[in-house]
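Accompanying notes for the structure given below.
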Amino acid sequence: GAATADGTRVFYVLNPEGDLHRTQANFEEYLQRSGQRNWHGVIGRRPTPHECESGLSTSDIFMYFGHGGAENYISRTQIRGLHPRSCSVALLFGCSSGQLKPAGEYDATGTAVDYLIAGCPALVGNLWDVGDKDIDRFAARLLAAWGLDRMSASEIAVKPIMPSADTLPTAAGAACFSRPPVSLAEAVCEARKACRMSFLTGAAPVVYGIPVYLA
């Protein structure tokens, strides 16, 4: 099976610790100028657990540009408690956000498992630590390949190093083009090509869940 997500209903957390200045510069205007499409979120400060919980439960897409998988801002108990209200698609661009820890004869544990238990249809996370420059390129390419770049009146500042002909332009020019829907998993495969270190950063992001298309 497959699922759909409404690209106009997004909650984002950008640079919550205030130390990812380059990442904030790359994505801040893009995120803020998507506000007219019911995007909202937190930039440059720590979100409260309630803000994260509300964002996950009331939006279709949760985007996190920070360290780890937002574990410092919302607990495992809160995430799992979202079920059966369900949980949004999660794009976690932080280090090791998709890493699972072996537990012997028991099931592996990790942030991704908590989201899936909460009803998250799909989660993008990194299996190991990554550099901010390269993962920013990946994130920019992922958003473009999936179609979320069309939701903003502003372009993402960072540019992928390997642009492809099928990547849509942003803003007004996007309305002039059309293409078949792309699943989140397909977009991740495309976005890997944007990384300079293809076998270090490019291989880190993975998708848990089922295919998700923008509605």
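Starting from 1 in every chain, residues are counted up; chains themselves are A, B, ... following the order of the structure tokens, and ligands are numbered from 1 as listed.
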
Neighbour list for Gly7 of chain A as a list in words, cut-off 7 Å, only C-alpha atoms, skip fewer than 5 positions in-chain
Leu148, Leu214 and Ala215 of chain A

Non-local contacts of segment 196-208 of chain A (10 Å; only C-alpha atoms; under 4 positions in same chain excluded) as an MDAnalysis selection string:
chainID A and resid 90:99 112:113 115:116 120:135 137:139 160:162 184:186 188:189 191:192

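Relative to atom CA of Gln32 of chain A, atom CA of Glu17 of chain A is found at 18.3 Å.
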
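Here atom CA of Gly147 of chain A and atom CA of Pro16 of chain A stand 24.9 Å from one another.
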
Point-to-point distance in Å for atom CA of Gly44 of chain A and atom CA of His83 of chain A
29.0 Å

Of the candidates A:Leu20, A:Val89, A:Leu142, A:Ile156, which shows the shortest atom-to-atom distance to Ala3 of chain A, using only C-alpha atoms?
A:Val89

Backbone DSSP call of alpha helix (DSSP H) for segment 1-84 of chain A, listed as an mmCIF file with C-alpha atoms, in the first residue's frame:
```
data_model
loop_
_atom_site.group_PDB
_atom_site.id
_atom_site.type_symbol
_atom_site.label_atom_id
_atom_site.label_comp_id
_atom_site.auth_asym_id
_atom_site.auth_seq_id
_atom_site.Cartn_x
_atom_site.Cartn_y
_atom_site.Cartn_z
ATOM 1 C CA HIS A 21 24.052 28.904 11.382
ATOM 2 C CA ARG A 22 24.713 27.728 7.825
ATOM 3 C CA THR A 23 21.718 25.400 7.834
ATOM 4 C CA GLN A 24 19.476 28.161 9.161
ATOM 5 C CA ALA A 25 20.704 30.540 6.463
ATOM 6 C CA ASN A 26 20.053 27.911 3.803
ATOM 7 C CA PHE A 27 16.455 27.095 4.765
ATOM 8 C CA GLU A 28 15.030 29.934 6.865
ATOM 9 C CA GLU A 29 13.608 32.108 4.100
ATOM 10 C CA TYR A 30 12.290 29.092 2.222
ATOM 11 C CA LEU A 31 10.423 27.861 5.301
ATOM 12 C CA GLN A 32 9.129 31.249 6.373
ATOM 13 C CA PRO A 49 7.430 19.206 23.931
ATOM 14 C CA HIS A 50 3.887 20.441 23.371
ATOM 15 C CA GLU A 51 4.892 22.222 20.135
ATOM 16 C CA CYS A 52 6.532 19.070 18.799
ATOM 17 C CA GLU A 53 3.624 16.868 19.836
ATOM 18 C CA SER A 54 1.116 19.253 18.293
ATOM 19 C CA GLY A 55 3.158 19.550 15.108
ATOM 20 C CA LEU A 56 3.392 15.789 14.711
ATOM 21 C CA SER A 57 -0.291 15.193 15.359
ATOM 22 C CA THR A 58 -1.867 18.085 13.418
ATOM 23 C CA ARG A 76 9.633 8.491 23.318
ATOM 24 C CA THR A 77 6.557 8.261 25.526
ATOM 25 C CA GLN A 78 5.027 11.342 23.906
ATOM 26 C CA ILE A 79 5.743 10.067 20.416
ATOM 27 C CA ARG A 80 4.279 6.637 21.083
#
```

Return as a ChimeraX atom specification the full set of residues in segment 35-191 of chain A whose backbone-based DSSP assignment is strand (DSSP E or B).
/A:39-43,61-65,89-92,101-103,106-109,122-126

Long-range neighbours of Ser86 of chain A as a PyMOL selection string, 6 Å cut-off, only C-alpha atoms, 2 positions minimum in chain:
chain A and resi 82-84+118-119

Which residue, A:Ala187, A:Ile74, A:Ser34, A:Asn15, has the smallest gap to Ala144 of chain A when you use only C-alpha atoms?
A:Ala187

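Nearest to Asp136 of chain A of all the residues A:Gly104, A:Gly110, A:Gly66, A:Pro180 is A:Gly66, based on only C-alpha atoms.
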
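Of the residues under consideration (A:Ala108, A:Val10, A:Ala194, A:Ile210), A:Val10 shows the shortest atom-to-atom contact distance to Arg37 of chain A when counting only C-alpha atoms.
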